[in-house]
file my_file-v4.pdb (PDB, C-alpha atoms, pLDDT in the B column)
ATOM      1  CA  MET N   1      25.493  16.850   1.228  1.00 94.00           C
ATOM      2  CA  LYS N   2      22.648  17.888   3.504  1.00 93.00           C
ATOM      3  CA  ASP N   3      23.298  21.550   2.688  1.00 95.00           C
ATOM      4  CA  GLN N   4      23.413  20.783  -0.987  1.00 96.00           C
ATOM      5  CA  ILE N   5      20.034  19.022  -0.882  1.00 97.00           C
ATOM      6  CA  GLN N   6      18.601  21.896   1.148  1.00 97.00           C
ATOM      7  CA  GLN N   7      19.933  24.403  -1.394  1.00 97.00           C
ATOM      8  CA  ILE N   8      18.319  22.538  -4.279  1.00 97.00           C
ATOM      9  CA  ILE N   9      14.967  22.362  -2.474  1.00 97.00           C
ATOM     10  CA  GLU N  10      15.085  26.055  -1.656  1.00 96.00           C
ATOM     11  CA  HIS N  11      16.364  27.407  -4.951  1.00 96.00           C
ATOM     12  CA  GLU N  12      14.692  25.297  -7.622  1.00 95.00           C
ATOM     13  CA  ASP N  13      11.055  26.002  -8.511  1.00 96.00           C
ATOM     14  CA  VAL N  14       9.986  22.365  -8.841  1.00 97.00           C
ATOM     15  CA  VAL N  15      12.198  19.547  -7.593  1.00 98.00           C
ATOM     16  CA  LEU N  16      11.567  15.852  -8.146  1.00 98.00           C
ATOM     17  CA  PHE N  17      13.743  13.501  -6.108  1.00 98.00           C
ATOM     18  CA  MET N  18      13.485  10.244  -7.999  1.00 98.00           C
ATOM     19  CA  LYS N  19      15.015   6.873  -8.738  1.00 96.00           C
ATOM     20  CA  GLY N  20      16.801   7.344 -12.052  1.00 97.00           C
ATOM     21  CA  THR N  21      16.523  10.333 -14.355  1.00 96.00           C
ATOM     22  CA  PRO N  22      13.643  11.601 -16.522  1.00 96.00           C
ATOM     23  CA  GLN N  23      15.393   9.975 -19.476  1.00 95.00           C
ATOM     24  CA  PHE N  24      15.864   6.653 -17.674  1.00 96.00           C
ATOM     25  CA  VAL N  25      13.380   6.174 -14.853  1.00 96.00           C
ATOM     26  CA  MET N  26      14.168   3.289 -12.519  1.00 94.00           C
ATOM     27  CA  CYS N  27      10.931   3.026 -10.531  1.00 91.00           C
ATOM     28  CA  GLY N  28       7.218   2.984 -11.294  1.00 92.00           C
ATOM     29  CA  ASN N  29       6.326   5.554  -8.660  1.00 94.00           C
ATOM     30  CA  SER N  30       8.999   7.974  -9.879  1.00 96.00           C
ATOM     31  CA  GLN N  31       7.527   7.564 -13.370  1.00 97.00           C
ATOM     32  CA  ARG N  32       4.022   8.313 -12.085  1.00 97.00           C
ATOM     33  CA  ALA N  33       5.173  11.505 -10.366  1.00 98.00           C
ATOM     34  CA  LEU N  34       7.152  12.614 -13.416  1.00 98.00           C
ATOM     35  CA  ASP N  35       4.219  11.947 -15.747  1.00 97.00           C
ATOM     36  CA  ALA N  36       1.848  13.948 -13.547  1.00 98.00           C
ATOM     37  CA  LEU N  37       4.308  16.869 -13.395  1.00 97.00           C
ATOM     38  CA  ARG N  38       4.742  16.741 -17.171  1.00 96.00           C
ATOM     39  CA  ARG N  39       0.972  16.767 -17.737  1.00 96.00           C
ATOM     40  CA  ALA N  40       0.779  19.882 -15.566  1.00 96.00           C
ATOM     41  CA  GLY N  41       3.615  21.456 -17.565  1.00 95.00           C
ATOM     42  CA  ALA N  42       5.834  21.845 -14.492  1.00 96.00           C
ATOM     43  CA  PRO N  43       9.450  22.980 -14.983  1.00 96.00           C
ATOM     44  CA  VAL N  44      11.008  19.928 -13.336  1.00 97.00           C
ATOM     45  CA  THR N  45      14.464  19.819 -11.807  1.00 97.00           C
ATOM     46  CA  ALA N  46      15.186  16.132 -11.232  1.00 98.00           C
ATOM     47  CA  VAL N  47      17.591  14.687  -8.679  1.00 98.00           C
ATOM     48  CA  ASP N  48      18.529  11.011  -8.979  1.00 97.00           C
ATOM     49  CA  ILE N  49      18.821   9.533  -5.484  1.00 97.00           C
ATOM     50  CA  LEU N  50      20.290   6.208  -6.614  1.00 96.00           C
ATOM     51  CA  PRO N  51      24.001   7.094  -7.026  1.00 95.00           C
ATOM     52  CA  ASP N  52      24.491   7.301  -3.234  1.00 95.00           C
ATOM     53  CA  PRO N  53      22.244   5.861  -0.467  1.00 94.00           C
ATOM     54  CA  ALA N  54      23.169   8.881   1.675  1.00 96.00           C
ATOM     55  CA  ILE N  55      21.137  11.167  -0.615  1.00 96.00           C
ATOM     56  CA  ARG N  56      17.930   9.398   0.277  1.00 94.00           C
ATOM     57  CA  GLN N  57      18.807   9.246   3.980  1.00 94.00           C
ATOM     58  CA  GLU N  58      19.600  12.943   4.197  1.00 96.00           C
ATOM     59  CA  LEU N  59      16.540  13.866   2.144  1.00 97.00           C
ATOM     60  CA  SER N  60      14.170  11.869   4.341  1.00 94.00           C
ATOM     61  CA  VAL N  61      15.656  13.444   7.468  1.00 95.00           C
ATOM     62  CA  LEU N  62      15.091  16.907   5.958  1.00 96.00           C
ATOM     63  CA  SER N  63      11.582  16.259   4.683  1.00 96.00           C
ATOM     64  CA  GLY N  64      10.315  13.751   7.237  1.00 94.00           C
ATOM     65  CA  TRP N  65       8.957  11.778   4.288  1.00 95.00           C
ATOM     66  CA  PRO N  66      10.042   8.137   4.148  1.00 93.00           C
ATOM     67  CA  THR N  67       9.548   7.226   0.485  1.00 94.00           C
ATOM     68  CA  ILE N  68      10.737   8.222  -2.993  1.00 95.00           C
ATOM     69  CA  PRO N  69       9.694  10.098  -5.102  1.00 97.00           C
ATOM     70  CA  GLN N  70       9.327  13.427  -3.336  1.00 98.00           C
ATOM     71  CA  VAL N  71       8.135  16.585  -5.045  1.00 98.00           C
ATOM     72  CA  PHE N  72       8.820  20.093  -3.787  1.00 98.00           C
ATOM     73  CA  VAL N  73       7.475  23.366  -5.158  1.00 97.00           C
ATOM     74  CA  ARG N  74       9.299  26.497  -4.003  1.00 96.00           C
ATOM     75  CA  GLY N  75      10.715  24.694  -0.987  1.00 97.00           C
ATOM     76  CA  GLU N  76       7.476  23.081   0.135  1.00 97.00           C
ATOM     77  CA  LEU N  77       6.880  19.329   0.119  1.00 97.00           C
ATOM     78  CA  ILE N  78       3.906  18.670  -2.152  1.00 97.00           C
ATOM     79  CA  GLY N  79       3.985  14.912  -1.705  1.00 97.00           C
ATOM     80  CA  GLY N  80       4.898  11.602  -3.280  1.00 97.00           C
ATOM     81  CA  ALA N  81       3.549   9.920  -6.414  1.00 97.00           C
ATOM     82  CA  ASP N  82       0.047   9.290  -5.075  1.00 97.00           C
ATOM     83  CA  ILE N  83      -0.510  12.873  -3.942  1.00 97.00           C
ATOM     84  CA  VAL N  84       0.998  14.476  -7.035  1.00 98.00           C
ATOM     85  CA  GLU N  85      -1.129  12.240  -9.251  1.00 97.00           C
ATOM     86  CA  GLU N  86      -4.246  13.056  -7.251  1.00 96.00           C
ATOM     87  CA  LEU N  87      -3.519  16.796  -7.319  1.00 97.00           C
ATOM     88  CA  GLU N  88      -2.881  16.699 -11.054  1.00 98.00           C
ATOM     89  CA  GLN N  89      -6.132  14.878 -11.740  1.00 97.00           C
ATOM     90  CA  SER N  90      -8.165  17.362  -9.697  1.00 96.00           C
ATOM     91  CA  GLY N  91      -6.458  20.349 -11.339  1.00 97.00           C
ATOM     92  CA  GLU N  92      -5.022  21.450  -8.011  1.00 96.00           C
ATOM     93  CA  LEU N  93      -1.421  20.887  -9.078  1.00 97.00           C
ATOM     94  CA  GLU N  94      -1.776  23.431 -11.873  1.00 97.00           C
ATOM     95  CA  ARG N  95      -3.425  25.863  -9.467  1.00 97.00           C
ATOM     96  CA  THR N  96      -0.555  25.453  -6.994  1.00 96.00           C
ATOM     97  CA  LEU N  97       2.048  25.955  -9.725  1.00 97.00           C
ATOM     98  CA  THR N  98       0.262  29.054 -11.002  1.00 97.00           C
ATOM     99  CA  GLU N  99      -0.053  30.433  -7.497  1.00 96.00           C
ATOM    100  CA  LYS N 100       3.577  29.823  -6.563  1.00 96.00           C
ATOM    101  CA  LEU N 101       5.395  30.320  -9.885  1.00 95.00           C
ATOM    102  CA  GLY N 102       3.085  32.678 -11.733  1.00 94.00           C
ATOM    103  CA  ALA N 103       0.654  32.147 -14.616  1.00 93.00           C
ATOM    104  CA  ASP N 104       3.457  31.764 -17.166  1.00 94.00           C
ATOM    105  CA  TYR N 105       5.197  28.886 -15.355  1.00 93.00           C
ATOM    106  CA  ARG N 106       4.878  26.680 -18.435  1.00 92.00           C
ATOM    107  CA  ASP N 107       7.272  29.020 -20.276  1.00 90.00           C
ATOM    108  CA  GLU N 108      10.169  28.251 -17.937  1.00 79.00           C
ATOM    109  CA  PRO N 109      13.047  26.139 -19.220  1.00 74.00           C
ATOM    110  CA  ALA N 110      12.089  22.488 -19.410  1.00 81.00           C
ATOM    111  CA  GLU N 111      13.353  19.483 -17.497  1.00 92.00           C
ATOM    112  CA  ARG N 112      16.839  19.350 -16.179  1.00 93.00           C
ATOM    113  CA  VAL N 113      18.858  17.076 -13.951  1.00 95.00           C
ATOM    114  CA  VAL N 114      20.968  18.171 -10.996  1.00 94.00           C
ATOM    115  CA  ALA N 115      23.468  15.877  -9.319  1.00 93.00           C
ATOM    116  CA  VAL N 116      24.088  15.636  -5.573  1.00 92.00           C
ATOM    117  CA  ALA N 117      27.494  14.481  -4.444  1.00 83.00           C
TER     118      ALA N 117
ATOM    119  CA  MET Z   1      -4.958 -10.265   8.851  1.00 54.00           C
ATOM    120  CA  ASN Z   2      -1.517  -9.182   7.727  1.00 86.00           C
ATOM    121  CA  ARG Z   3       0.847  -7.021   9.736  1.00 91.00           C
ATOM    122  CA  LEU Z   4       0.202  -3.853   7.743  1.00 94.00           C
ATOM    123  CA  GLU Z   5      -3.531  -4.120   8.214  1.00 95.00           C
ATOM    124  CA  GLU Z   6      -3.024  -4.789  11.908  1.00 95.00           C
ATOM    125  CA  LEU Z   7      -0.845  -1.679  12.305  1.00 96.00           C
ATOM    126  CA  LEU Z   8      -3.336   0.464  10.403  1.00 97.00           C
ATOM    127  CA  ARG Z   9      -6.253  -0.823  12.477  1.00 97.00           C
ATOM    128  CA  GLU Z  10      -4.317   0.045  15.631  1.00 96.00           C
ATOM    129  CA  ALA Z  11      -3.607   3.558  14.351  1.00 97.00           C
ATOM    130  CA  PHE Z  12      -7.111   4.116  12.936  1.00 97.00           C
ATOM    131  CA  PRO Z  13      -9.427   2.158  15.244  1.00 96.00           C
ATOM    132  CA  GLY Z  14     -12.926   1.731  13.873  1.00 95.00           C
ATOM    133  CA  ASP Z  15     -12.066   3.329  10.535  1.00 96.00           C
ATOM    134  CA  GLU Z  16     -12.216   1.826   7.078  1.00 96.00           C
ATOM    135  CA  VAL Z  17      -8.846   0.248   6.298  1.00 97.00           C
ATOM    136  CA  SER Z  18      -7.823  -1.948   3.410  1.00 96.00           C
ATOM    137  CA  VAL Z  19      -4.490  -3.374   2.311  1.00 96.00           C
ATOM    138  CA  GLU Z  20      -3.955  -4.877  -1.110  1.00 94.00           C
ATOM    139  CA  ASP Z  21      -0.856  -6.834  -2.042  1.00 91.00           C
ATOM    140  CA  ARG Z  22      -0.529  -5.498  -5.591  1.00 88.00           C
ATOM    141  CA  THR Z  23       1.839  -8.089  -6.954  1.00 86.00           C
ATOM    142  CA  GLY Z  24       1.277 -11.049  -4.615  1.00 85.00           C
ATOM    143  CA  GLY Z  25       4.913 -10.814  -3.595  1.00 85.00           C
ATOM    144  CA  GLY Z  26       4.256  -9.337  -0.162  1.00 85.00           C
ATOM    145  CA  ASP Z  27       6.200  -6.119  -0.707  1.00 86.00           C
ATOM    146  CA  HIS Z  28       4.140  -3.896  -3.071  1.00 90.00           C
ATOM    147  CA  PHE Z  29       1.056  -2.588  -1.322  1.00 93.00           C
ATOM    148  CA  GLN Z  30      -1.907  -0.350  -1.928  1.00 95.00           C
ATOM    149  CA  VAL Z  31      -3.374   0.877   1.347  1.00 96.00           C
ATOM    150  CA  THR Z  32      -6.617   2.785   1.656  1.00 97.00           C
ATOM    151  CA  VAL Z  33      -7.771   4.518   4.822  1.00 97.00           C
ATOM    152  CA  VAL Z  34     -11.042   6.402   5.280  1.00 97.00           C
ATOM    153  CA  SER Z  35     -11.042   8.250   8.586  1.00 97.00           C
ATOM    154  CA  PRO Z  36     -12.661  11.296  10.186  1.00 96.00           C
ATOM    155  CA  ARG Z  37      -9.151  12.158  11.436  1.00 95.00           C
ATOM    156  CA  PHE Z  38      -8.268  13.293   7.909  1.00 97.00           C
ATOM    157  CA  GLU Z  39     -10.866  16.065   7.895  1.00 95.00           C
ATOM    158  CA  GLY Z  40      -9.216  19.437   7.484  1.00 95.00           C
ATOM    159  CA  LEU Z  41      -5.752  17.971   6.888  1.00 96.00           C
ATOM    160  CA  SER Z  42      -3.708  18.419   3.715  1.00 95.00           C
ATOM    161  CA  LEU Z  43      -2.880  15.308   1.697  1.00 96.00           C
ATOM    162  CA  VAL Z  44       0.719  15.532   2.942  1.00 97.00           C
ATOM    163  CA  GLU Z  45      -0.524  15.524   6.547  1.00 97.00           C
ATOM    164  CA  GLN Z  46      -2.917  12.644   5.819  1.00 97.00           C
ATOM    165  CA  HIS Z  47      -0.209  10.505   4.239  1.00 97.00           C
ATOM    166  CA  ARG Z  48       2.167  11.310   7.105  1.00 97.00           C
ATOM    167  CA  LEU Z  49      -0.325   9.723   9.529  1.00 97.00           C
ATOM    168  CA  VAL Z  50      -0.317   6.563   7.409  1.00 97.00           C
ATOM    169  CA  TYR Z  51       3.487   6.581   7.181  1.00 96.00           C
ATOM    170  CA  ASP Z  52       3.673   6.972  10.977  1.00 96.00           C
ATOM    171  CA  ALA Z  53       1.466   3.920  11.434  1.00 97.00           C
ATOM    172  CA  LEU Z  54       3.633   1.893   9.047  1.00 96.00           C
ATOM    173  CA  ALA Z  55       7.016   3.216  10.223  1.00 94.00           C
ATOM    174  CA  GLY Z  56       8.191  -0.273  11.257  1.00 94.00           C
ATOM    175  CA  PRO Z  57       7.633  -2.136   7.987  1.00 93.00           C
ATOM    176  CA  LEU Z  58       8.827   0.925   6.041  1.00 91.00           C
ATOM    177  CA  ALA Z  59      12.104   0.992   7.955  1.00 89.00           C
ATOM    178  CA  ASP Z  60      12.819  -2.741   7.961  1.00 90.00           C
ATOM    179  CA  GLY Z  61      12.342  -3.167   4.217  1.00 84.00           C
ATOM    180  CA  THR Z  62       9.094  -5.184   4.363  1.00 87.00           C
ATOM    181  CA  ILE Z  63       7.524  -2.534   2.160  1.00 89.00           C
ATOM    182  CA  HIS Z  64       9.293  -2.115  -1.129  1.00 87.00           C
ATOM    183  CA  GLU Z  65       6.586   0.016  -2.685  1.00 88.00           C
ATOM    184  CA  LEU Z  66       3.619   1.671  -1.042  1.00 93.00           C
ATOM    185  CA  ARG Z  67       0.662   3.391  -2.621  1.00 95.00           C
ATOM    186  CA  ILE Z  68      -1.587   5.349  -0.310  1.00 96.00           C
ATOM    187  CA  SER Z  69      -5.114   6.546  -0.754  1.00 96.00           C
ATOM    188  CA  THR Z  70      -6.698   8.559   2.064  1.00 97.00           C
ATOM    189  CA  LYS Z  71     -10.146  10.070   2.438  1.00 94.00           C
ATOM    190  CA  GLY Z  72     -12.043  11.927   5.089  1.00 93.00           C
ATOM    191  CA  THR Z  73     -15.502  10.720   5.990  1.00 88.00           C
ATOM    192  CA  GLU Z  74     -17.494  13.825   5.088  1.00 78.00           C
TER     193      GLU Z  74
END
call {"tool": "encode", "arguments": {"input": "my_file-v4.pdb", "output": "structure tokens"}}
result
Amino acid sequence: MKDQIQQIIEHEDVVLFMKGTPQFVMCGNSQRALDALRRAGAPVTAVDILPDPAIRQELSVLSGWPTIPQVFVRGELIGGADIVEELEQSGELERTLTEKLGADYRDEPAERVVAVA
Amino acid sequence: MNRLEELLREAFPGDEVSVEDRTGGGDHFQVTVVSPRFEGLSLVEQHRLVYDALAGPLADGTIHELRISTKGTE
């Protein structure tokens, strides 16, 4: 499972580890992070951490970040809900996405969900 | 002074620290820290310092939800 989480972080452009899915969000902070990413037009790959407590444990060991949600862009931890919201409001999130994914990042396929097992 | 505030004051002595119980239930908190230690650090690094200070209550389930706001002093 650890390898699988690592693979997702490394290979997906924007990963949101969250409680629930974008269609059925189970936590206010996950919703805040998702909303901020949507406002910035980020191509979100969502991972629901609720199906197995081990997902969250392994993720926090990998990232050194104790809470959910967690947002990664091209393998780098951007932060949790508070940081992503703050970066979106200042325009820095869009700058980071443009810098890392290219100016046409909004054209990438939209939200999808990946399962970890 | 509650435990969270105590831990933050220990970790950030002399700095501006506030803890708000957002729901009154003692498990959803908004913490704000203004410290010169944050100067030059990324937001991820700043929040990590707050998480380090609150590692105990984060691990034992005291904190169900935590919102963090950090600022440098400049």
call {"tool": "residues_around", "arguments": {"input": "my_file-v4.pdb", "residues": "region 83-94 of chain N", "least_positions_apart": "6", "cutoff": "9 Å", "atoms": "all atoms listed in the file", "output": "ChimeraX atom specification"}}
result
/N:32-33,35-37,39-42,71 /Z:43-44,47,68-69
call {"tool": "resolve_selection", "arguments": {"input": "my_file-v4.pdb", "expression": "the PyMOL selection byres ((chain Z) within 10 of (chain N))", "output": "ChimeraX atom specification"}}
result
/Z:42-45,47-48,51-52,55,58-59,64-70
call {"tool": "closest_residue", "arguments": {"input": "my_file-v4.pdb", "among": "N:Asp13, N:Gln57, N:Pro69, N:Leu62", "to": "Arg106 (chain N)", "atoms": "only C-alpha atoms"}}
result
N:Asp13
call {"tool": "atom_distance", "arguments": {"input": "my_file-v4.pdb", "atom1": "CA of Arg95 (chain N)", "atom2": "CA of Leu34 (chain N)"}}
result
17.4 Å
call {"tool": "residues_around", "arguments": {"input": "my_file-v4.pdb", "residues": "Lys19 (chain N)", "least_positions_apart": "6", "cutoff": "7 Å", "atoms": "only C-alpha atoms", "output": "PDB file with C-alpha atoms, keeping the file's coordinate frame"}}
result
ATOM      1  CA  VAL N  25      13.380   6.174 -14.853  1.00 96.00           C
ATOM      2  CA  MET N  26      14.168   3.289 -12.519  1.00 94.00           C
ATOM      3  CA  CYS N  27      10.931   3.026 -10.531  1.00 91.00           C
ATOM      4  CA  SER N  30       8.999   7.974  -9.879  1.00 96.00           C
ATOM      5  CA  ASP N  48      18.529  11.011  -8.979  1.00 97.00           C
ATOM      6  CA  ILE N  49      18.821   9.533  -5.484  1.00 97.00           C
ATOM      7  CA  LEU N  50      20.290   6.208  -6.614  1.00 96.00           C
TER       8      LEU N  50
END
call {"tool": "resolve_selection", "arguments": {"input": "my_file-v4.pdb", "expression": "the PyMOL selection byres ((chain Z and resi 38) around 10)", "output": "mmCIF file with C-alpha atoms, in the frame of the given file"}}
result
data_model
loop_
_atom_site.group_PDB
_atom_site.id
_atom_site.type_symbol
_atom_site.label_atom_id
_atom_site.label_comp_id
_atom_site.auth_asym_id
_atom_site.auth_seq_id
_atom_site.Cartn_x
_atom_site.Cartn_y
_atom_site.Cartn_z
ATOM 1 C CA VAL Z 33 -7.771 4.518 4.822
ATOM 2 C CA VAL Z 34 -11.042 6.402 5.280
ATOM 3 C CA SER Z 35 -11.042 8.250 8.586
ATOM 4 C CA PRO Z 36 -12.661 11.296 10.186
ATOM 5 C CA ARG Z 37 -9.151 12.158 11.436
ATOM 6 C CA GLU Z 39 -10.866 16.065 7.895
ATOM 7 C CA GLY Z 40 -9.216 19.437 7.484
ATOM 8 C CA LEU Z 41 -5.752 17.971 6.888
ATOM 9 C CA SER Z 42 -3.708 18.419 3.715
ATOM 10 C CA LEU Z 43 -2.880 15.308 1.697
ATOM 11 C CA GLU Z 45 -0.524 15.524 6.547
ATOM 12 C CA GLN Z 46 -2.917 12.644 5.819
ATOM 13 C CA HIS Z 47 -0.209 10.505 4.239
ATOM 14 C CA LEU Z 49 -0.325 9.723 9.529
ATOM 15 C CA THR Z 70 -6.698 8.559 2.064
ATOM 16 C CA LYS Z 71 -10.146 10.070 2.438
ATOM 17 C CA GLY Z 72 -12.043 11.927 5.089
ATOM 18 C CA THR Z 73 -15.502 10.720 5.990
ATOM 19 C CA GLU Z 74 -17.494 13.825 5.088
#
